[in-house]
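Chemist: A single structure is presented below for examination.
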Amino acid sequence: MLPDLGIAKKNLTEVHKILNKVLANGNMIYIKLRKFHWNLSGDNFMELHLLFEDQYDAVAEAVDEVAERISTLGGVAIGTTSEFADLSDLNETPGKVPDTQGMLKELVADHETIVKGLRENIDKCEEDYKDAGTADFLTALMQAHEKMAWKLRKYFKES
């Protein structure tokens, strides 16, 4: 049974779809951050090792909040790696571990992809689906990903 929150049923269904895509993207970047954390070497090893850990911890918390938001709105959160892979805008690179600069570039690109998707969906939630609560929720999430991308971008070597 969907909750009576002043949001039309069809709009809630669309918001659930948006939030499950956000959940998929969050889980994909979480997995990638773990992979890179485990396989880091070279310059700035310890500093980046800790930074990646900080980011995957923050993403793990955000992913949980996204799943809870879906439940709050009467939806069902996806929860399998195949669902995450199917819905995500992010790409995996099985069997490949880039060098440190490659890791940084890939993570920044992923954060930026997430930010662009969130920005688009904030407008949809607010304007199309009349869900200011989810729009605010996604805005805070977008700001967190913007900051994570910024921190990683600062490690780019000048060319």
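Labels used: A, B, ... for chains in the order of the structure tokens, numbers from 1 for residues in each chain, and numbers from 1 for ligands as shown.
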Show which residues sit within 6 Å of segment 25-33 of chain A, as an MDAnalysis selection string. Count only C-alpha atoms, and ignore same-chain residues fewer than 4 positions away.
Modeler: chainID A and resid 37 52 56 63 88
Chemist: Can those selected residues be exported to a file as a PDB file, in the first residue's frame so that it contains C-alpha atoms?
Modeler:
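Contents of the output file out.pdb:
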ATOM      1  CA  HIS A  37      41.187   1.267  -2.582  1.00  0.00           C
ATOM      2  CA  PHE A  52      38.938   6.341  -1.208  1.00  0.00           C
ATOM      3  CA  TYR A  56      33.173   4.601  -0.007  1.00  0.00           C
ATOM      4  CA  VAL A  63      23.061   4.304  -0.518  1.00  0.00           C
ATOM      5  CA  SER A  88      23.385   2.142 -13.540  1.00  0.00           C
TER       6      SER A  88
END
Chemist: Residues near Phe84 of chain A, anyone? I mean within 10 Å using only C-alpha atoms, not counting same-chain ones fewer than 3 positions away, as a JSON list (two decimals) with N, CA and C atoms, in the first residue's frame.
Modeler:
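Output file around.json follows:
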[["chain", "number", "residue", "atom", "x", "y", "z"],
["A", 20, "ASN", "N", 15.64, 4.26, -7.56],
["A", 20, "ASN", "CA", 16.33, 2.99, -7.78],
["A", 20, "ASN", "C", 17.52, 3.16, -8.72],
["A", 21, "LYS", "N", 17.42, 4.06, -9.68],
["A", 21, "LYS", "CA", 18.58, 4.36, -10.55],
["A", 21, "LYS", "C", 19.68, 5.02, -9.73],
["A", 22, "VAL", "N", 19.31, 5.93, -8.84],
["A", 22, "VAL", "CA", 20.27, 6.57, -7.94],
["A", 22, "VAL", "C", 20.93, 5.51, -7.05],
["A", 23, "LEU", "N", 20.14, 4.57, -6.58],
["A", 23, "LEU", "CA", 20.65, 3.46, -5.77],
["A", 23, "LEU", "C", 21.64, 2.61, -6.56],
["A", 24, "ALA", "N", 21.32, 2.33, -7.81],
["A", 24, "ALA", "CA", 22.22, 1.55, -8.67],
["A", 24, "ALA", "C", 23.54, 2.28, -8.89],
["A", 25, "ASN", "N", 23.46, 3.57, -9.21],
["A", 25, "ASN", "CA", 24.69, 4.35, -9.42],
["A", 25, "ASN", "C", 25.53, 4.40, -8.15],
["A", 26, "GLY", "N", 24.88, 4.57, -7.02],
["A", 26, "GLY", "CA", 25.61, 4.62, -5.75],
["A", 26, "GLY", "C", 26.33, 3.31, -5.46],
["A", 27, "ASN", "N", 25.66, 2.22, -5.71],
["A", 27, "ASN", "CA", 26.30, 0.92, -5.46],
["A", 27, "ASN", "C", 27.44, 0.66, -6.43],
["A", 28, "MET", "N", 27.29, 1.09, -7.65],
["A", 28, "MET", "CA", 28.36, 0.88, -8.64],
["A", 28, "MET", "C", 29.61, 1.69, -8.28],
["A", 78, "ILE", "N", 15.74, -1.92, -5.12],
["A", 78, "ILE", "CA", 16.47, -3.03, -5.74],
["A", 78, "ILE", "C", 17.63, -3.42, -4.83],
["A", 79, "GLY", "N", 18.18, -4.61, -5.04],
["A", 79, "GLY", "CA", 19.24, -5.01, -4.13],
["A", 79, "GLY", "C", 20.18, -6.09, -4.63],
["A", 80, "THR", "N", 20.24, -6.29, -5.94],
["A", 80, "THR", "CA", 21.17, -7.29, -6.45],
["A", 80, "THR", "C", 22.19, -6.62, -7.37],
["A", 81, "THR", "N", 23.34, -7.25, -7.49],
["A", 81, "THR", "CA", 24.37, -6.67, -8.35],
["A", 81, "THR", "C", 23.92, -6.63, -9.80],
["A", 87, "LEU", "N", 20.68, -1.04, -14.21],
["A", 87, "LEU", "CA", 20.11, 0.30, -14.07],
["A", 87, "LEU", "C", 21.14, 1.43, -14.06],
["A", 88, "SER", "N", 22.37, 1.10, -13.75],
["A", 88, "SER", "CA", 23.39, 2.14, -13.54],
["A", 88, "SER", "C", 23.81, 2.83, -14.83],
["A", 89, "ASP", "N", 24.18, 4.09, -14.68],
["A", 89, "ASP", "CA", 24.77, 4.87, -15.77],
["A", 89, "ASP", "C", 26.29, 4.69, -15.81],
["A", 90, "LEU", "N", 26.85, 4.00, -14.84],
["A", 90, "LEU", "CA", 28.30, 3.85, -14.72],
["A", 90, "LEU", "C", 28.75, 2.52, -15.33]]
Chemist: Report as a count of residues only: the residues of chain A with a DSSP assignment of alpha helix (DSSP H), based on the backbone of this structure.
Modeler: 112
Chemist: Expressed in Å to a single decimal, how great is the separation between atom CA of Val15 of chain A and atom CA of Thr93 of chain A?
Modeler: 29.4 Å
Chemist: Point out the residue among A:Leu138, A:His145, A:Lys154, A:Asn39 with the least atom-to-atom distance to Val59 of chain A, counting only C-alpha atoms.
Modeler: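 Ranking A:Leu138, A:His145, A:Lys154, A:Asn39 by distance to Val59 of chain A, first place goes to A:His145.
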Chemist: For Leu152 of chain A, which residue among A:Lys124, A:His49, A:Lys116, A:Lys105 is the nearest when counting only C-alpha atoms?
Modeler: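 The closest residue to Leu152 of chain A is A:Lys105.
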Chemist: Fewer than 4 positions away in the same chain doesn't count, so skip those; otherwise give me all residues within 10 Å of Asn11 of chain A, counting only C-alpha atoms, as a VMD selection string.
Modeler: chain A and resid 7 15 to 17 125 128 to 131
Chemist: Go ahead and save the residues from that selection, with C-alpha atoms, as a compact mmCIF listing (two decimals), in the first residue's frame.
Modeler:
# COMPACT_ATOMS: atom_id res chain seq x y z
CA ILE A 7 1.88 12.77 -4.17
CA VAL A 15 10.02 8.72 -8.18
CA HIS A 16 10.66 5.10 -7.14
CA LYS A 17 12.23 4.49 -10.57
CA CYS A 125 10.91 15.39 -8.93
CA ASP A 128 6.91 16.94 -12.94
CA TYR A 129 6.21 14.73 -9.91
CA LYS A 130 5.47 17.39 -7.25
CA ASP A 131 7.84 15.76 -4.73
Chemist: Atom CA of His111 of chain A and atom CA of Asp64 of chain A are how many Å apart?
Modeler: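 Calculated distance between atom CA of His111 of chain A and atom CA of Asp64 of chain A is 17.6 Å.
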